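Novice: Here you go, this is work.csv (CSV, C-alpha atoms).
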chain,number,residue,atom,x,y,z
A,1,MET,CA,-4.7,23.5,14.7
A,2,ALA,CA,-3.3,23.8,11.2
A,3,ARG,CA,-0.1,25.9,10.9
A,4,LEU,CA,-0.1,25.7,7.1
A,5,ASN,CA,-3.5,26.3,5.6
A,6,PRO,CA,-4.5,23.6,3.1
A,7,VAL,CA,-5.5,24.6,-0.4
A,8,ASN,CA,-9.2,25.1,-1.0
A,9,VAL,CA,-9.9,22.4,-3.6
A,10,ASP,CA,-12.7,24.5,-5.2
A,11,ALA,CA,-10.3,27.5,-5.6
A,12,ALA,CA,-7.2,25.5,-6.8
A,13,GLN,CA,-5.8,26.4,-10.2
A,14,GLY,CA,-3.2,25.1,-12.6
A,15,LYS,CA,-1.0,22.2,-11.7
A,16,ALA,CA,-2.4,22.1,-8.1
A,17,LYS,CA,-5.9,21.7,-9.4
A,18,ASP,CA,-4.9,19.0,-11.9
A,19,LEU,CA,-3.2,17.0,-9.2
A,20,LEU,CA,-6.0,17.5,-6.6
A,21,ASP,CA,-8.6,16.4,-9.2
A,22,GLY,CA,-6.5,13.3,-10.0
A,23,VAL,CA,-6.4,12.4,-6.3
A,24,LYS,CA,-10.2,12.9,-5.9
A,25,LYS,CA,-10.8,10.8,-9.0
A,26,ALA,CA,-8.5,8.0,-7.8
A,27,ILE,CA,-9.7,7.7,-4.2
A,28,GLY,CA,-13.0,9.6,-4.1
A,29,ALA,CA,-11.8,12.2,-1.5
A,30,THR,CA,-9.0,14.7,-1.0
A,31,PRO,CA,-7.5,14.2,2.5
A,32,ASN,CA,-6.1,17.3,4.3
A,33,LEU,CA,-2.6,16.1,3.9
A,34,ILE,CA,-2.9,16.1,0.1
A,35,LYS,CA,-4.6,19.6,0.2
A,36,THR,CA,-1.7,20.8,2.3
A,37,PHE,CA,0.9,19.3,0.0
A,38,ALA,CA,-0.8,21.2,-2.8
A,39,LEU,CA,0.5,24.4,-1.4
A,40,SER,CA,3.5,23.5,-3.5
A,41,PRO,CA,2.5,21.4,-6.6
A,42,ALA,CA,6.1,20.2,-6.7
A,43,VAL,CA,5.7,18.7,-3.2
A,44,LEU,CA,2.4,17.1,-4.0
A,45,GLU,CA,3.7,15.8,-7.3
A,46,GLY,CA,6.8,14.4,-5.6
A,47,TYR,CA,4.7,12.7,-3.0
A,48,LEU,CA,2.3,11.2,-5.5
A,49,GLY,CA,5.1,10.0,-7.7
A,50,PHE,CA,6.9,8.3,-4.8
A,51,SER,CA,3.8,6.8,-3.2
A,52,GLY,CA,2.6,5.7,-6.7
A,53,ALA,CA,5.9,4.0,-7.4
A,54,LEU,CA,5.6,2.0,-4.2
A,55,LYS,CA,2.2,0.6,-5.3
A,56,GLY,CA,4.2,-1.5,-7.8
A,57,ALA,CA,6.6,-2.8,-5.1
A,58,SER,CA,6.9,-6.4,-4.0
A,59,LEU,CA,5.7,-5.5,-0.5
A,60,ASN,CA,1.9,-5.8,-0.5
A,61,ALA,CA,-0.4,-2.9,0.5
A,62,GLU,CA,-1.1,-4.4,3.9
A,63,LEU,CA,2.6,-4.6,4.8
A,64,GLN,CA,3.2,-1.1,3.6
A,65,GLU,CA,0.4,0.2,5.8
A,66,GLN,CA,1.9,-1.7,8.7
A,67,ILE,CA,5.3,-0.1,8.1
A,68,ALA,CA,3.6,3.3,7.9
A,69,LEU,CA,2.0,2.6,11.3
A,70,ALA,CA,5.3,1.5,12.9
A,71,VAL,CA,7.0,4.7,11.7
A,72,ALA,CA,4.0,6.9,12.7
A,73,GLY,CA,4.1,5.4,16.2
A,74,LEU,CA,7.8,6.0,16.6
A,75,ASN,CA,7.6,9.5,15.3
A,76,GLY,CA,4.4,10.4,17.2
A,77,CYS,CA,2.4,11.4,14.1
A,78,ASP,CA,-1.3,11.4,15.0
A,79,TYR,CA,-2.3,12.2,11.5
A,80,CYS,CA,-0.5,9.2,10.0
A,81,ALA,CA,-1.6,7.0,12.8
A,82,SER,CA,-5.2,7.9,12.1
A,83,ALA,CA,-4.9,7.7,8.3
A,84,HIS,CA,-3.0,4.4,8.1
A,85,THR,CA,-5.2,2.8,10.8
A,86,ALA,CA,-8.2,3.6,8.6
A,87,ILE,CA,-6.5,2.5,5.4
A,88,GLY,CA,-5.1,-0.7,6.9
A,89,GLY,CA,-8.5,-1.6,8.3
A,90,SER,CA,-10.0,-1.1,4.8
A,91,LEU,CA,-7.5,-3.6,3.5
A,92,GLY,CA,-8.7,-6.2,6.1
A,93,VAL,CA,-6.0,-5.8,8.8
A,94,SER,CA,-7.7,-6.3,12.2
A,95,ALA,CA,-7.9,-3.5,14.6
A,96,ASP,CA,-5.9,-5.4,17.2
A,97,GLU,CA,-3.1,-6.0,14.6
A,98,LEU,CA,-3.1,-2.3,13.6
A,99,ALA,CA,-2.8,-1.3,17.3
A,100,LEU,CA,0.1,-3.7,17.6
A,101,ASN,CA,1.7,-2.3,14.4
A,102,LEU,CA,1.5,1.2,15.8
A,103,LYS,CA,3.8,0.0,18.6
A,104,GLY,CA,6.2,-1.4,16.1
A,105,ALA,CA,5.3,-5.1,16.4
A,106,ALA,CA,3.2,-7.7,14.6
A,107,SER,CA,1.6,-11.1,15.4
A,108,ASP,CA,3.1,-12.6,12.2
A,109,PRO,CA,6.8,-13.2,12.9
A,110,ALA,CA,7.9,-12.2,9.3
A,111,VAL,CA,6.0,-8.9,9.5
A,112,ASP,CA,7.3,-8.3,13.0
A,113,VAL,CA,10.9,-8.5,11.7
A,114,VAL,CA,10.1,-5.9,9.0
A,115,LEU,CA,8.5,-3.5,11.5
A,116,LYS,CA,11.4,-3.8,13.9
A,117,PHE,CA,13.7,-3.2,10.9
A,118,ALA,CA,11.7,-0.1,9.9
A,119,ARG,CA,11.9,1.3,13.4
A,120,SER,CA,15.6,0.6,13.5
A,121,ILE,CA,16.1,2.6,10.2
A,122,VAL,CA,14.4,5.6,11.9
A,123,GLU,CA,16.1,5.2,15.2
A,124,THR,CA,19.6,4.8,13.7
A,125,LYS,CA,19.1,7.3,10.9
A,126,GLY,CA,19.8,4.4,8.5
A,127,PHE,CA,22.9,3.1,10.2
A,128,VAL,CA,21.4,-0.3,10.8
A,129,SER,CA,23.6,-3.2,11.8
A,130,ASP,CA,24.6,-6.2,9.6
A,131,ASP,CA,22.5,-8.3,12.1
A,132,ASP,CA,19.4,-6.2,11.3
A,133,ILE,CA,19.8,-6.9,7.6
A,134,ALA,CA,20.5,-10.6,8.3
A,135,ARG,CA,17.3,-10.9,10.3
A,136,VAL,CA,15.2,-9.5,7.5
A,137,ARG,CA,16.8,-11.8,5.0
A,138,ALA,CA,16.4,-14.8,7.3
A,139,ALA,CA,12.6,-13.9,7.5
A,140,GLY,CA,12.5,-14.5,3.7
A,141,TYR,CA,12.8,-11.0,2.3
A,142,SER,CA,15.0,-10.3,-0.7
A,143,ASP,CA,17.4,-7.4,-1.1
A,144,ALA,CA,14.8,-5.7,-3.3
A,145,ALA,CA,12.2,-6.0,-0.5
A,146,ILE,CA,14.7,-4.5,1.9
A,147,ALA,CA,15.2,-1.6,-0.5
A,148,GLU,CA,11.4,-1.2,-0.6
A,149,VAL,CA,11.2,-1.2,3.2
A,150,VAL,CA,13.8,1.7,3.2
A,151,ALA,CA,11.7,3.5,0.7
A,152,ALA,CA,8.5,3.0,2.6
A,153,VAL,CA,10.2,4.3,5.8
A,154,ALA,CA,11.6,7.4,4.0
A,155,LEU,CA,8.2,8.2,2.5
A,156,ASN,CA,6.4,7.9,5.8
A,157,PHE,CA,9.1,9.8,7.6
A,158,PHE,CA,8.5,12.6,5.1
A,159,THR,CA,4.7,12.6,5.7
A,160,ASN,CA,5.2,12.4,9.5
A,161,THR,CA,7.6,15.4,9.4
A,162,PHE,CA,5.4,17.4,7.1
A,163,ASN,CA,2.4,16.8,9.4
A,164,HIS,CA,4.3,17.9,12.4
A,165,VAL,CA,5.4,21.2,10.7
A,166,ALA,CA,2.0,21.8,9.0
A,167,GLY,CA,-0.2,20.8,12.0
A,168,THR,CA,-2.4,19.0,9.5
A,169,GLU,CA,-5.9,18.7,10.8
A,170,ILE,CA,-6.9,15.0,11.1
A,171,ASP,CA,-9.7,14.0,8.8
A,172,PHE,CA,-9.9,10.3,9.6
A,173,PRO,CA,-11.2,8.7,12.8
A,174,VAL,CA,-8.6,9.9,15.3
A,175,VAL,CA,-5.9,7.5,16.6
A,176,ARG,CA,-3.2,8.9,18.7
A,177,ALA,CA,0.3,7.7,17.7
A,178,ARG,CA,0.7,6.2,21.2
A,179,GLY,CA,-2.2,3.9,20.2
A,180,GLU,CA,-5.2,5.2,22.0
A,181,ALA,CA,-8.4,5.5,19.9
A,182,VAL,CA,-10.3,8.7,20.3
A,183,ALA,CA,-14.1,8.8,20.3
A,184,ALA,CA,-15.5,10.9,17.5
Would you write out, as structure tokens, the structure that this file holds?
Specialist:
Amino acid sequence: MARLNPVNVDAAQGKAKDLLDGVKKAIGATPNLIKTFALSPAVLEGYLGFSGALKGASLNAELQEQIALAVAGLNGCDYCASAHTAIGGSLGVSADELALNLKGAASDPAVDVVLKFARSIVETKGFVSDDDIARVRAAGYSDAAIAEVVAAVALNFFTNTFNHVAGTEIDFPVVRARGEAVAA
């Protein structure tokens, strides 16, 4: 049950309305997370700016969704597990791979290294080891890509934490952060 009530899109005004209209125009829908961020236009604008900036990153959209799933799985965020499973699937990542990603692993060794690094960032609060960095570099990732992984982890930690506080109602096919699909 929602603990913070999302903004009614039809009643939104001012900056919140402009931002919500922009999201609906861009993706064709307004997810509950976005409507709840809109309680504070500053929060929604910050999220949109950060996530928009990462669209220009060297990490492709599929890998960013896989990172999001690894972080959601570790943090127990059912909303993000559901959303990123749906989005990752729409990008062509297989259901089996997405379920593996939610557990912080991947069938592709280079992706697996990144997901384990992402989880290490969360688990150590960023105090990763030199060996962690060396493994990511050895898998072919540049320092810029490592910086982007950190950014993706931070953005997803924010959304996980926000959802936990807000009790955001899941508006995607439900996937539990522990990886169990739920029948609709």
Novice: Pick from A:Leu4, A:Ala110, A:Ala53, A:Ala151: nearest to Leu33 in chain A, with only C-alpha atoms counted?
Specialist: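 Checking each candidate against Leu33 in chain A, we get A:Leu4 as the closest.
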Novice: Quick one: everything within 12 Å of Asn75 in chain A, counting only C-alpha atoms, minus sequence neighbours fewer than 5 positions away in the same chain. Send it as a ChimeraX atom specification.
Specialist: /A:68-70,80-81,102-104,118-119,122-123,153,156-164,176-178
Novice: Just C-alpha atoms for this one: save the residues we selected as a PDB file, keeping the file's coordinate frame.
Specialist:
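Output contents, as saved in selection-v7.pdb:
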ATOM      1  CA  ALA A  68       3.600   3.300   7.900  1.00  0.00           C
ATOM      2  CA  LEU A  69       2.000   2.600  11.300  1.00  0.00           C
ATOM      3  CA  ALA A  70       5.300   1.500  12.900  1.00  0.00           C
ATOM      4  CA  CYS A  80      -0.500   9.200  10.000  1.00  0.00           C
ATOM      5  CA  ALA A  81      -1.600   7.000  12.800  1.00  0.00           C
ATOM      6  CA  LEU A 102       1.500   1.200  15.800  1.00  0.00           C
ATOM      7  CA  LYS A 103       3.800   0.000  18.600  1.00  0.00           C
ATOM      8  CA  GLY A 104       6.200  -1.400  16.100  1.00  0.00           C
ATOM      9  CA  ALA A 118      11.700  -0.100   9.900  1.00  0.00           C
ATOM     10  CA  ARG A 119      11.900   1.300  13.400  1.00  0.00           C
ATOM     11  CA  VAL A 122      14.400   5.600  11.900  1.00  0.00           C
ATOM     12  CA  GLU A 123      16.100   5.200  15.200  1.00  0.00           C
ATOM     13  CA  VAL A 153      10.200   4.300   5.800  1.00  0.00           C
ATOM     14  CA  ASN A 156       6.400   7.900   5.800  1.00  0.00           C
ATOM     15  CA  PHE A 157       9.100   9.800   7.600  1.00  0.00           C
ATOM     16  CA  PHE A 158       8.500  12.600   5.100  1.00  0.00           C
ATOM     17  CA  THR A 159       4.700  12.600   5.700  1.00  0.00           C
ATOM     18  CA  ASN A 160       5.200  12.400   9.500  1.00  0.00           C
ATOM     19  CA  THR A 161       7.600  15.400   9.400  1.00  0.00           C
ATOM     20  CA  PHE A 162       5.400  17.400   7.100  1.00  0.00           C
ATOM     21  CA  ASN A 163       2.400  16.800   9.400  1.00  0.00           C
ATOM     22  CA  HIS A 164       4.300  17.900  12.400  1.00  0.00           C
ATOM     23  CA  ARG A 176      -3.200   8.900  18.700  1.00  0.00           C
ATOM     24  CA  ALA A 177       0.300   7.700  17.700  1.00  0.00           C
ATOM     25  CA  ARG A 178       0.700   6.200  21.200  1.00  0.00           C
TER      26      ARG A 178
END
Novice: Which distance in Å separates CA of Lys55 in chain A and CA of Lys15 in chain A, to one decimal?
Specialist: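 Taking CA of Lys55 in chain A and CA of Lys15 in chain A, their separation equals 22.8 Å.
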Novice: Neighbours of Thr85 in chain A within 12 Å (only C-alpha atoms; same-chain residues fewer than 2 positions away dropped), as a short mmCIF file (atom, residue, chain, number, x, y, z; two decimals) with C-alpha atoms, keeping the file's coordinate frame?
Specialist:
data_model
loop_
_atom_site.label_atom_id
_atom_site.label_comp_id
_atom_site.auth_asym_id
_atom_site.auth_seq_id
_atom_site.Cartn_x
_atom_site.Cartn_y
_atom_site.Cartn_z
CA GLU A 62 -1.10 -4.40 3.90
CA GLN A 64 3.20 -1.10 3.60
CA GLU A 65 0.40 0.20 5.80
CA GLN A 66 1.90 -1.70 8.70
CA ILE A 67 5.30 -0.10 8.10
CA ALA A 68 3.60 3.30 7.90
CA LEU A 69 2.00 2.60 11.30
CA ALA A 70 5.30 1.50 12.90
CA ALA A 72 4.00 6.90 12.70
CA GLY A 73 4.10 5.40 16.20
CA CYS A 77 2.40 11.40 14.10
CA ASP A 78 -1.30 11.40 15.00
CA TYR A 79 -2.30 12.20 11.50
CA CYS A 80 -0.50 9.20 10.00
CA ALA A 81 -1.60 7.00 12.80
CA SER A 82 -5.20 7.90 12.10
CA ALA A 83 -4.90 7.70 8.30
CA ILE A 87 -6.50 2.50 5.40
CA GLY A 88 -5.10 -0.70 6.90
CA GLY A 89 -8.50 -1.60 8.30
CA SER A 90 -10.00 -1.10 4.80
CA LEU A 91 -7.50 -3.60 3.50
CA GLY A 92 -8.70 -6.20 6.10
CA VAL A 93 -6.00 -5.80 8.80
CA SER A 94 -7.70 -6.30 12.20
CA ALA A 95 -7.90 -3.50 14.60
CA ASP A 96 -5.90 -5.40 17.20
CA GLU A 97 -3.10 -6.00 14.60
CA LEU A 98 -3.10 -2.30 13.60
CA ALA A 99 -2.80 -1.30 17.30
CA LEU A 100 0.10 -3.70 17.60
CA ASN A 101 1.70 -2.30 14.40
CA LEU A 102 1.50 1.20 15.80
CA PHE A 172 -9.90 10.30 9.60
CA PRO A 173 -11.20 8.70 12.80
CA VAL A 174 -8.60 9.90 15.30
CA VAL A 175 -5.90 7.50 16.60
CA ARG A 176 -3.20 8.90 18.70
CA ALA A 177 0.30 7.70 17.70
CA GLY A 179 -2.20 3.90 20.20
CA GLU A 180 -5.20 5.20 22.00
CA ALA A 181 -8.40 5.50 19.90
#
Novice: Between A:Gly140, A:Ala61, A:Gln13, A:Asn8, which has the minimum distance to Lys35 in chain A (counting only C-alpha atoms)?
Specialist: A:Asn8
Novice: Provide the CA of Asn60 in chain A to CA of Asp21 in chain A distance in Å, to one decimal place.
Specialist: 26.1 Å
Novice: Please provide the set of residues having any atom within 8 Å of Met1 in chain A, restricted to only C-alpha atoms, with same-chain residues fewer than 3 positions apart removed, written as a ChimeraX atom specification.
Specialist: /A:167-169
Novice: From the options A:Arg3, A:Lys125, A:Lys17, A:His84, which residue's atoms come nearest to Leu44 in chain A, counting all atoms listed in the file?
Specialist: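 Smallest distance to Leu44 in chain A is found for A:Lys17.
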Novice: Calculate how many Å separate CA of Pro6 in chain A from CA of Leu39 in chain A, rounding to one decimal.
Specialist: 6.8 Å
Novice: Excluding same-chain residues fewer than 4 positions from Ala144 in chain A, what lies within 10 Å of it counting only C-alpha atoms, as a list in words?
Specialist: Ala57, Ser58, Leu59, Glu148, Val149 and Val150 of chain A
Novice: Which protein, DNA or RNA residues have an atom at most 12 Å from (4.3, 16.5, -6.0), counting only C-alpha atoms? List them as a CSV table (one decimal) with C-alpha atoms, keeping the file's coordinate frame.
Specialist:
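And here is the file that came out, out.csv:
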chain,number,residue,atom,x,y,z
A,15,LYS,CA,-1.0,22.2,-11.7
A,16,ALA,CA,-2.4,22.1,-8.1
A,17,LYS,CA,-5.9,21.7,-9.4
A,18,ASP,CA,-4.9,19.0,-11.9
A,19,LEU,CA,-3.2,17.0,-9.2
A,20,LEU,CA,-6.0,17.5,-6.6
A,22,GLY,CA,-6.5,13.3,-10.0
A,23,VAL,CA,-6.4,12.4,-6.3
A,34,ILE,CA,-2.9,16.1,0.1
A,35,LYS,CA,-4.6,19.6,0.2
A,36,THR,CA,-1.7,20.8,2.3
A,37,PHE,CA,0.9,19.3,0.0
A,38,ALA,CA,-0.8,21.2,-2.8
A,39,LEU,CA,0.5,24.4,-1.4
A,40,SER,CA,3.5,23.5,-3.5
A,41,PRO,CA,2.5,21.4,-6.6
A,42,ALA,CA,6.1,20.2,-6.7
A,43,VAL,CA,5.7,18.7,-3.2
A,44,LEU,CA,2.4,17.1,-4.0
A,45,GLU,CA,3.7,15.8,-7.3
A,46,GLY,CA,6.8,14.4,-5.6
A,47,TYR,CA,4.7,12.7,-3.0
A,48,LEU,CA,2.3,11.2,-5.5
A,49,GLY,CA,5.1,10.0,-7.7
A,50,PHE,CA,6.9,8.3,-4.8
A,51,SER,CA,3.8,6.8,-3.2
A,52,GLY,CA,2.6,5.7,-6.7
